[in-house]
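What follows is upload.cif (mmCIF, C-alpha atoms and all ligand atoms).
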```cif
data_work
loop_
_atom_site.label_atom_id
_atom_site.label_comp_id
_atom_site.auth_asym_id
_atom_site.auth_seq_id
_atom_site.Cartn_x
_atom_site.Cartn_y
_atom_site.Cartn_z
CA MET A 147 7.52 10.49 13.07
CA ARG A 148 8.61 7.73 10.70
CA PHE A 149 6.11 4.94 10.10
CA VAL A 150 5.89 1.91 7.81
CA LEU A 151 2.54 0.33 6.98
CA LEU A 152 2.69 -3.41 6.38
CA GLY A 153 -0.15 -5.73 5.39
CA PRO A 154 -1.54 -7.69 2.46
CA PRO A 155 -3.14 -5.90 -0.50
CA GLY A 156 -6.60 -4.63 0.44
CA SER A 157 -5.82 -4.38 4.16
CA GLY A 158 -6.51 -0.63 4.12
CA LYS A 159 -2.91 0.62 4.29
CA GLY A 160 -3.60 3.52 1.90
CA THR A 161 -6.70 4.65 3.81
CA GLN A 162 -4.95 4.52 7.19
CA ALA A 163 -1.85 6.22 5.75
CA LYS A 164 -3.97 9.17 4.62
CA MET A 165 -5.54 9.46 8.09
CA LEU A 166 -2.13 9.30 9.78
CA MET A 167 -0.82 11.90 7.34
CA LYS A 168 -3.51 14.36 8.48
CA LYS A 169 -3.05 13.55 12.15
CA TYR A 170 0.75 13.93 12.21
CA ASN A 171 1.14 16.34 9.30
CA ILE A 172 3.74 14.19 7.57
CA PRO A 173 3.76 12.98 3.95
CA GLN A 174 2.54 9.58 2.78
CA LEU A 175 4.82 7.86 0.33
CA SER A 176 3.12 5.14 -1.70
CA THR A 177 5.37 3.36 -4.19
CA GLY A 178 2.22 1.90 -5.84
CA ASP A 179 0.82 5.43 -6.43
CA ILE A 180 4.18 6.64 -7.78
CA LEU A 181 4.37 3.71 -10.21
CA ARG A 182 0.74 4.15 -11.34
CA ALA A 183 1.43 7.85 -12.00
CA GLU A 184 4.43 6.85 -14.16
CA ILE A 185 2.23 4.43 -16.12
CA LYS A 186 -0.32 7.19 -16.70
CA LYS A 187 2.43 9.53 -17.91
CA LYS A 188 3.63 6.75 -20.25
CA SER A 189 7.20 7.43 -19.08
CA LYS A 190 9.99 4.93 -19.75
CA LEU A 191 9.72 3.68 -16.16
CA GLY A 192 5.92 3.45 -16.48
CA ASN A 193 6.15 1.43 -19.70
CA ASN A 194 8.70 -0.88 -18.09
CA VAL A 195 6.57 -1.72 -15.05
CA LYS A 196 3.08 -1.74 -16.60
CA ALA A 197 2.89 -5.47 -17.39
CA ILE A 198 4.55 -6.45 -14.09
CA ILE A 199 1.94 -4.57 -12.06
CA ALA A 200 -0.97 -5.82 -14.19
CA ALA A 201 0.19 -9.40 -13.49
CA GLY A 202 0.41 -8.76 -9.73
CA ASN A 203 4.18 -9.29 -9.51
CA LEU A 204 6.71 -7.12 -7.72
CA VAL A 205 8.76 -4.50 -9.51
CA SER A 206 12.53 -5.04 -9.07
CA ASP A 207 14.21 -3.91 -5.85
CA ASP A 208 16.61 -1.72 -7.87
CA ILE A 209 13.78 0.29 -9.43
CA ILE A 210 12.00 0.70 -6.08
CA LEU A 211 15.12 1.69 -4.15
CA ASN A 212 15.91 4.23 -6.88
CA ILE A 213 12.49 5.83 -6.37
CA ILE A 214 13.03 5.97 -2.61
CA GLU A 215 16.52 7.44 -2.96
CA LYS A 216 15.11 10.20 -5.20
CA CYS A 217 12.46 11.02 -2.58
CA ASP A 218 15.20 11.07 0.07
CA LYS A 219 17.34 13.44 -2.02
CA ASN A 220 14.56 15.90 -2.80
CA GLY A 221 13.89 16.23 0.91
CA THR A 222 10.11 15.66 0.89
CA CYS A 223 10.41 13.19 3.74
CA ARG A 224 13.01 14.98 5.84
CA ASP A 225 10.66 15.72 8.75
CA GLY A 226 8.98 12.32 8.83
CA PHE A 227 6.98 10.02 6.59
CA ILE A 228 4.44 7.24 6.29
CA LEU A 229 5.62 4.51 3.94
CA ASP A 230 2.74 2.67 2.30
CA GLY A 231 3.62 -0.36 0.18
CA PHE A 232 7.36 -0.06 0.83
CA PRO A 233 9.41 -2.02 1.85
CA ARG A 234 8.02 -5.18 0.29
CA THR A 235 11.13 -7.39 0.41
CA ILE A 236 14.00 -7.96 2.83
CA THR A 237 16.38 -6.32 0.31
CA GLN A 238 14.19 -3.20 0.30
CA ALA A 239 14.04 -3.18 4.11
CA ASN A 240 17.83 -3.35 4.26
CA GLY A 241 18.04 -0.51 1.71
CA LEU A 242 15.72 1.62 3.86
CA LYS A 243 17.74 0.84 6.99
CA LYS A 244 20.92 1.97 5.24
CA LEU A 245 19.34 5.23 4.08
CA LEU A 246 18.07 6.01 7.59
CA LYS A 247 21.37 5.09 9.21
CA LYS A 248 23.17 7.61 6.99
CA ARG A 249 21.02 10.28 8.60
CA ASP A 250 21.25 8.74 12.06
CA LEU A 251 17.51 8.03 12.05
CA LYS A 252 15.31 5.08 12.95
CA LEU A 253 11.76 4.00 12.20
CA ASN A 254 9.36 4.83 15.04
CA LYS A 255 6.83 2.09 14.34
CA VAL A 256 5.94 -0.55 11.78
CA ILE A 257 2.15 -0.91 11.68
CA ASN A 258 1.15 -4.41 10.55
CA ILE A 259 -2.50 -4.60 9.47
CA ASN A 260 -3.88 -8.16 9.51
CA ILE A 261 -6.82 -9.40 7.44
CA PRO A 262 -7.71 -12.95 6.32
CA ASP A 263 -7.18 -14.02 2.68
CA LYS A 264 -10.91 -14.39 2.03
CA GLU A 265 -11.46 -10.77 3.00
CA VAL A 266 -8.58 -9.62 0.74
CA ILE A 267 -10.19 -11.33 -2.26
CA LYS A 268 -13.63 -9.94 -1.44
CA ARG A 269 -12.40 -6.39 -0.91
CA ILE A 270 -10.25 -6.13 -4.03
CA SER A 271 -11.95 -8.32 -6.62
CA GLY A 272 -15.30 -6.73 -5.73
CA ARG A 273 -13.97 -3.26 -6.58
CA TRP A 274 -15.18 -1.43 -9.71
CA THR A 275 -14.22 2.14 -10.67
CA CYS A 276 -16.03 4.69 -12.82
CA THR A 277 -14.11 5.38 -16.06
CA ASN A 278 -15.38 8.95 -15.92
CA CYS A 279 -15.45 10.36 -12.36
CA LYS A 280 -13.31 7.61 -10.70
CA GLU A 281 -15.93 6.88 -7.99
CA ILE A 282 -15.25 3.43 -6.48
CA PHE A 283 -17.96 0.80 -5.96
CA ASN A 284 -17.82 -2.66 -4.39
CA VAL A 285 -20.20 -5.50 -5.25
CA TYR A 286 -20.20 -6.61 -1.59
CA SER A 287 -20.11 -3.38 0.40
CA LYS A 288 -21.13 -0.55 -1.96
CA PRO A 289 -22.89 -1.94 -5.05
CA GLU A 290 -23.91 0.40 -7.87
CA LYS A 291 -27.69 0.85 -8.35
CA LYS A 292 -27.70 0.10 -12.10
CA LYS A 293 -25.35 -2.74 -13.09
CA GLY A 294 -22.11 -1.51 -14.64
CA LYS A 295 -23.07 2.20 -14.40
CA CYS A 296 -21.86 4.86 -11.98
CA ASP A 297 -24.53 6.15 -9.55
CA LYS A 298 -23.07 9.65 -9.74
CA CYS A 299 -22.45 10.27 -13.45
CA SER A 300 -23.74 7.11 -15.25
CA GLY A 301 -20.20 6.47 -16.54
CA GLU A 302 -19.15 2.87 -17.36
CA LEU A 303 -17.57 0.96 -14.48
CA TYR A 304 -14.33 -0.96 -15.09
CA GLN A 305 -12.05 -3.24 -13.12
CA ARG A 306 -8.26 -2.70 -13.00
CA ASP A 307 -6.30 -5.74 -14.27
CA ASP A 308 -4.62 -6.19 -10.89
CA GLN A 309 -8.03 -6.24 -9.16
CA LYS A 310 -9.31 -9.30 -11.07
CA GLU A 311 -9.78 -12.33 -8.82
CA ASP A 312 -7.02 -14.52 -10.33
CA VAL A 313 -4.51 -11.68 -10.14
CA VAL A 314 -5.55 -10.89 -6.55
CA LYS A 315 -4.84 -14.53 -5.63
CA ASP A 316 -1.39 -14.23 -7.25
CA ARG A 317 -0.74 -10.94 -5.40
CA LEU A 318 -1.55 -12.73 -2.14
CA LYS A 319 0.96 -15.49 -2.96
CA VAL A 320 3.60 -12.85 -3.75
CA TYR A 321 2.79 -11.07 -0.47
CA LYS A 322 3.21 -14.27 1.58
CA LYS A 323 6.45 -15.29 -0.06
CA GLN A 324 8.22 -11.96 -0.38
CA THR A 325 6.65 -9.44 1.99
CA ALA A 326 5.31 -11.40 4.99
CA PRO A 327 8.91 -12.28 6.11
CA LEU A 328 9.21 -8.57 6.98
CA ILE A 329 6.89 -9.17 9.94
CA GLU A 330 9.58 -11.28 11.67
CA TYR A 331 12.28 -8.87 10.47
CA TYR A 332 10.62 -5.92 12.22
CA LYS A 333 9.53 -8.00 15.24
CA LYS A 334 13.22 -8.65 15.86
CA GLU A 335 13.82 -4.89 15.75
CA LYS A 336 11.07 -4.56 18.37
CA ASN A 337 9.10 -1.84 16.65
CA LEU A 338 6.21 -3.75 15.13
CA ILE A 339 2.61 -3.33 16.25
CA ASP A 340 -0.13 -5.74 15.18
CA ILE A 341 -3.50 -4.32 14.16
CA ASN A 342 -6.78 -6.12 13.49
CA GLY A 343 -7.73 -4.82 10.04
CA ILE A 344 -11.16 -6.43 9.94
CA LEU A 345 -12.76 -3.66 12.02
CA SER A 346 -14.27 -0.46 10.54
CA ILE A 347 -11.91 2.19 9.12
CA LYS A 348 -12.48 4.38 12.19
CA GLU A 349 -11.94 1.50 14.64
CA VAL A 350 -8.73 0.42 12.89
CA PHE A 351 -7.44 4.01 13.09
CA GLU A 352 -8.30 4.21 16.80
CA GLU A 353 -6.48 0.93 17.46
CA ILE A 354 -3.42 2.24 15.64
CA LEU A 355 -3.38 5.48 17.65
CA LYS A 356 -3.78 3.54 20.90
CA LYS A 357 -0.81 1.31 20.10
CA LEU A 358 1.55 3.94 18.70
P1 LIG A 401 0.12 -1.11 -4.22
O1 LIG A 401 -0.76 -0.02 -4.70
O2 LIG A 401 1.01 -0.71 -3.09
O3 LIG A 401 -0.62 -2.41 -3.95
O4 LIG A 401 1.12 -1.43 -5.43
C1 LIG A 401 0.65 -1.83 -6.71
C2 LIG A 401 1.71 -2.64 -7.43
O5 LIG A 401 2.88 -1.85 -7.63
C3 LIG A 401 2.20 -3.88 -6.68
O6 LIG A 401 1.37 -5.01 -6.88
C4 LIG A 401 3.59 -4.06 -7.31
O7 LIG A 401 3.48 -4.61 -8.61
C5 LIG A 401 4.07 -2.63 -7.47
N1 LIG A 401 4.78 -2.15 -6.26
C6 LIG A 401 4.40 -1.15 -5.42
N2 LIG A 401 5.28 -1.00 -4.41
C7 LIG A 401 6.24 -1.92 -4.62
C8 LIG A 401 7.42 -2.28 -3.91
N3 LIG A 401 7.79 -1.66 -2.78
N4 LIG A 401 8.18 -3.29 -4.42
C9 LIG A 401 7.85 -3.93 -5.56
N5 LIG A 401 6.74 -3.65 -6.27
C10 LIG A 401 5.94 -2.65 -5.80
#
```

Just give me the structure as structure tokens.
Amino acid sequence: MRFVLLGPPGSGKGTQAKMLMKKYNIPQLSTGDILRAEIKKKSKLGNNVKAIIAAGNLVSDDIILNIIEKCDKNGTCRDGFILDGFPRTITQANGLKKLLKKRDLKLNKVININIPDKEVIKRISGRWTCTNCKEIFNVYSKPEKKKGKCDKCSGELYQRDDQKEDVVKDRLKVYKKQTAPLIEYYKKEKNLIDINGILSIKEVFEEILKKL
């Protein structure tokens, strides 16, 4: 199976990708996770993209397509994949199409998770992470008991730069301008399914399975 997950930041793509990965036993490929790992390693690529990601902008298509080509070459996705956070532009979608065509393959489904802007802002800008054990809290849905401290280990909570409200609003603008056109792109290819992302994690997953 070859799936793409589309949707604004905070729509739950990563969570659903992990559930699909278990169900179909195929790897999840998240360009955001790959880039964050590079930043952590302080590699040349990581240093180059750090400020771009912190500001909520998109990394260049060349860099992203290079990452995808490497994954294609090392064969991790040969028997199927779930793409999470890629493609994010028409150029990237065309790059993916070309790669698949070389292998005589097609995408099975593009899963488009819809949530309103207000919910995006609430979900992401409410998120705080423990510096120590990485437990995630949310001021709206899972607040910590003692302000600024982790319930599990009492570590300090922090907010990632790209989760701050102003940056989230910018990420939404970037999504609408550069990524949302992919909805029409894949509708034309007749393999897009629309999912209501405002339901619970379990309900969203069930809706996806029903429509696949
Ligand atoms: P994500 O975790 O998917 O929201 O990605 C975090 C950040 O990484 C995004 O806000 C972008 O700055 C960058 N990024 C991840 N995937 C892509 C992509 N396919 N194209 C451009 N930038 C990306």

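Across the structure, CA of Ile259 in chain A and atom O4 of ligand LIG 401 (chain A) are spaced 15.7 Å apart.
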
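Distance-wise, CA of Gly153 in chain A and CA of Asn260 in chain A end up 6.1 Å apart.
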
Which residue of A:Arg306, A:Lys247, A:Lys348, A:Lys280 approaches ligand LIG 401 (chain A) most closely, using only C-alpha atoms and all ligand atoms: A:Arg306

Each residue of chain A lying at most 6 Å from ligand LIG 401 (chain A) should get a row with its shortest atom-to-atom pair and the distance in Å to one decimal, counting all atoms listed in the file; could you produce that, ordered by chain and increasing number, as CSV?
```
residue,atom,partner,partner_atom,distance
A:Pro155,CA,A:LIG401,O3,5.5
A:Thr177,CA,A:LIG401,N2,4.4
A:Gly178,CA,A:LIG401,O4,3.5
A:Asp179,CA,A:LIG401,O1,5.9
A:Ile198,CA,A:LIG401,O7,5.9
A:Ile199,CA,A:LIG401,O7,3.8
A:Gly202,CA,A:LIG401,O6,4.8
A:Asn203,CA,A:LIG401,O7,4.8
A:Leu204,CA,A:LIG401,N5,3.8
A:Val205,CA,A:LIG401,N5,3.9
A:Ser206,CA,A:LIG401,C9,6.0
A:Ile210,CA,A:LIG401,N4,5.8
A:Gly231,CA,A:LIG401,O2,4.2
A:Phe232,CA,A:LIG401,N3,4.0
A:Pro233,CA,A:LIG401,N3,4.9
A:Arg234,CA,A:LIG401,N3,4.7
```

Length of the CA of Glu281 in chain A to CA of Gly160 in chain A vector [Å]: 16.2 Å

Shortest interatomic distance to Lys168 in chain A - which of A:Ile180, A:Ile228, A:Ile339, A:Val150, counting only C-alpha atoms: A:Ile228

Nearest to Tyr321 in chain A, chosen from A:Ser287, A:Ser189, A:Thr235, A:Ser176, with only C-alpha atoms counted in the distances: A:Thr235

Spatial neighbours of Phe149 in chain A, max dist 9 Å, only C-alpha atoms, sep filter under 5 positions, as a ChimeraX atom specification: /A:226-230,253-257

Go ahead and write the selection's residues with C-alpha atoms as a CSV table (one decimal), in the frame of the given file.
```csv
chain,number,residue,atom,x,y,z
A,226,GLY,CA,9.0,12.3,8.8
A,227,PHE,CA,7.0,10.0,6.6
A,228,ILE,CA,4.4,7.2,6.3
A,229,LEU,CA,5.6,4.5,3.9
A,230,ASP,CA,2.7,2.7,2.3
A,253,LEU,CA,11.8,4.0,12.2
A,254,ASN,CA,9.4,4.8,15.0
A,255,LYS,CA,6.8,2.1,14.3
A,256,VAL,CA,5.9,-0.6,11.8
A,257,ILE,CA,2.2,-0.9,11.7
```

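Checking A:Asn220, A:Gln174, A:Ser157, A:Thr237 one by one against Thr325 in chain A, counting only C-alpha atoms, you find the shortest gap at A:Thr237.
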
Contacts of Leu303 in chain A within 6 Å, all atoms listed in the file, excl. fewer than 3 positions in-chain, as a ChimeraX atom specification: /A:274-277,294-295

Fill-in result for range 253-280 of chain A, N, CA and C atoms as an mmCIF file, keeping the file's coordinate frame:
```cif
data_model
loop_
_atom_site.group_PDB
_atom_site.id
_atom_site.type_symbol
_atom_site.label_atom_id
_atom_site.label_comp_id
_atom_site.auth_asym_id
_atom_site.auth_seq_id
_atom_site.Cartn_x
_atom_site.Cartn_y
_atom_site.Cartn_z
ATOM 1 N N LEU A 253 13.211 4.024 12.332
ATOM 2 C CA LEU A 253 11.760 4.000 12.200
ATOM 3 C C LEU A 253 11.155 4.084 13.593
ATOM 4 N N ASN A 254 10.035 4.800 13.737
ATOM 5 C CA ASN A 254 9.360 4.830 15.040
ATOM 6 C C ASN A 254 8.521 3.573 15.230
ATOM 7 N N LYS A 255 7.682 3.279 14.226
ATOM 8 C CA LYS A 255 6.830 2.090 14.340
ATOM 9 C C LYS A 255 6.545 1.488 12.972
ATOM 10 N N VAL A 256 6.407 0.163 12.966
ATOM 11 C CA VAL A 256 5.940 -0.550 11.780
ATOM 12 C C VAL A 256 4.544 -1.070 12.122
ATOM 13 N N ILE A 257 3.553 -0.598 11.382
ATOM 14 C CA ILE A 257 2.150 -0.910 11.680
ATOM 15 C C ILE A 257 1.717 -2.050 10.772
ATOM 16 N N ASN A 258 1.480 -3.221 11.352
ATOM 17 C CA ASN A 258 1.150 -4.410 10.550
ATOM 18 C C ASN A 258 -0.353 -4.677 10.612
ATOM 19 N N ILE A 259 -1.041 -4.425 9.497
ATOM 20 C CA ILE A 259 -2.500 -4.600 9.470
ATOM 21 C C ILE A 259 -2.837 -6.014 8.978
ATOM 22 N N ASN A 260 -3.537 -6.765 9.829
ATOM 23 C CA ASN A 260 -3.880 -8.160 9.510
ATOM 24 C C ASN A 260 -5.308 -8.292 8.993
ATOM 25 N N ILE A 261 -5.463 -8.980 7.846
ATOM 26 C CA ILE A 261 -6.820 -9.400 7.440
ATOM 27 C C ILE A 261 -6.723 -10.770 6.769
ATOM 28 N N PRO A 262 -7.773 -11.607 6.925
ATOM 29 C CA PRO A 262 -7.710 -12.950 6.320
ATOM 30 C C PRO A 262 -7.782 -12.902 4.786
ATOM 31 N N ASP A 263 -7.236 -13.953 4.153
ATOM 32 C CA ASP A 263 -7.180 -14.020 2.680
ATOM 33 C C ASP A 263 -8.554 -13.815 2.034
ATOM 34 N N LYS A 264 -9.563 -14.459 2.611
ATOM 35 C CA LYS A 264 -10.910 -14.390 2.030
ATOM 36 C C LYS A 264 -11.379 -12.941 1.920
ATOM 37 N N GLU A 265 -11.059 -12.175 2.960
ATOM 38 C CA GLU A 265 -11.460 -10.770 3.000
ATOM 39 C C GLU A 265 -10.681 -9.954 1.942
ATOM 40 N N VAL A 266 -9.402 -10.300 1.755
ATOM 41 C CA VAL A 266 -8.580 -9.620 0.740
ATOM 42 C C VAL A 266 -9.254 -9.782 -0.632
ATOM 43 N N ILE A 267 -9.620 -11.033 -0.939
ATOM 44 C CA ILE A 267 -10.190 -11.330 -2.260
ATOM 45 C C ILE A 267 -11.522 -10.592 -2.441
ATOM 46 N N LYS A 268 -12.335 -10.606 -1.381
ATOM 47 C CA LYS A 268 -13.630 -9.940 -1.440
ATOM 48 C C LYS A 268 -13.462 -8.423 -1.628
ATOM 49 N N ARG A 269 -12.567 -7.845 -0.850
ATOM 50 C CA ARG A 269 -12.400 -6.390 -0.910
ATOM 51 C C ARG A 269 -11.886 -5.925 -2.258
ATOM 52 N N ILE A 270 -10.877 -6.651 -2.801
ATOM 53 C CA ILE A 270 -10.250 -6.130 -4.030
ATOM 54 C C ILE A 270 -10.997 -6.577 -5.288
ATOM 55 N N SER A 271 -11.351 -7.879 -5.350
ATOM 56 C CA SER A 271 -11.950 -8.320 -6.620
ATOM 57 C C SER A 271 -13.390 -7.841 -6.747
ATOM 58 N N GLY A 272 -13.946 -7.294 -5.657
ATOM 59 C CA GLY A 272 -15.300 -6.730 -5.730
ATOM 60 C C GLY A 272 -15.303 -5.271 -6.167
ATOM 61 N N ARG A 273 -14.086 -4.702 -6.335
ATOM 62 C CA ARG A 273 -13.970 -3.260 -6.580
ATOM 63 C C ARG A 273 -14.123 -2.894 -8.062
ATOM 64 N N TRP A 274 -14.981 -1.935 -8.339
ATOM 65 C CA TRP A 274 -15.180 -1.430 -9.710
ATOM 66 C C TRP A 274 -15.084 0.094 -9.653
ATOM 67 N N THR A 275 -14.459 0.685 -10.674
ATOM 68 C CA THR A 275 -14.220 2.140 -10.670
ATOM 69 C C THR A 275 -14.900 2.776 -11.885
ATOM 70 N N CYS A 276 -15.390 3.984 -11.705
ATOM 71 C CA CYS A 276 -16.030 4.690 -12.820
ATOM 72 C C CYS A 276 -14.955 5.211 -13.770
ATOM 73 N N THR A 277 -15.093 4.918 -15.062
ATOM 74 C CA THR A 277 -14.110 5.380 -16.060
ATOM 75 C C THR A 277 -14.112 6.910 -16.121
ATOM 76 N N ASN A 278 -15.242 7.511 -15.764
ATOM 77 C CA ASN A 278 -15.380 8.950 -15.920
ATOM 78 C C ASN A 278 -14.972 9.720 -14.658
ATOM 79 N N CYS A 279 -15.724 9.515 -13.542
ATOM 80 C CA CYS A 279 -15.450 10.360 -12.360
ATOM 81 C C CYS A 279 -14.586 9.655 -11.306
ATOM 82 N N LYS A 280 -14.216 8.386 -11.577
ATOM 83 C CA LYS A 280 -13.310 7.610 -10.700
ATOM 84 C C LYS A 280 -13.940 7.177 -9.366
#
```
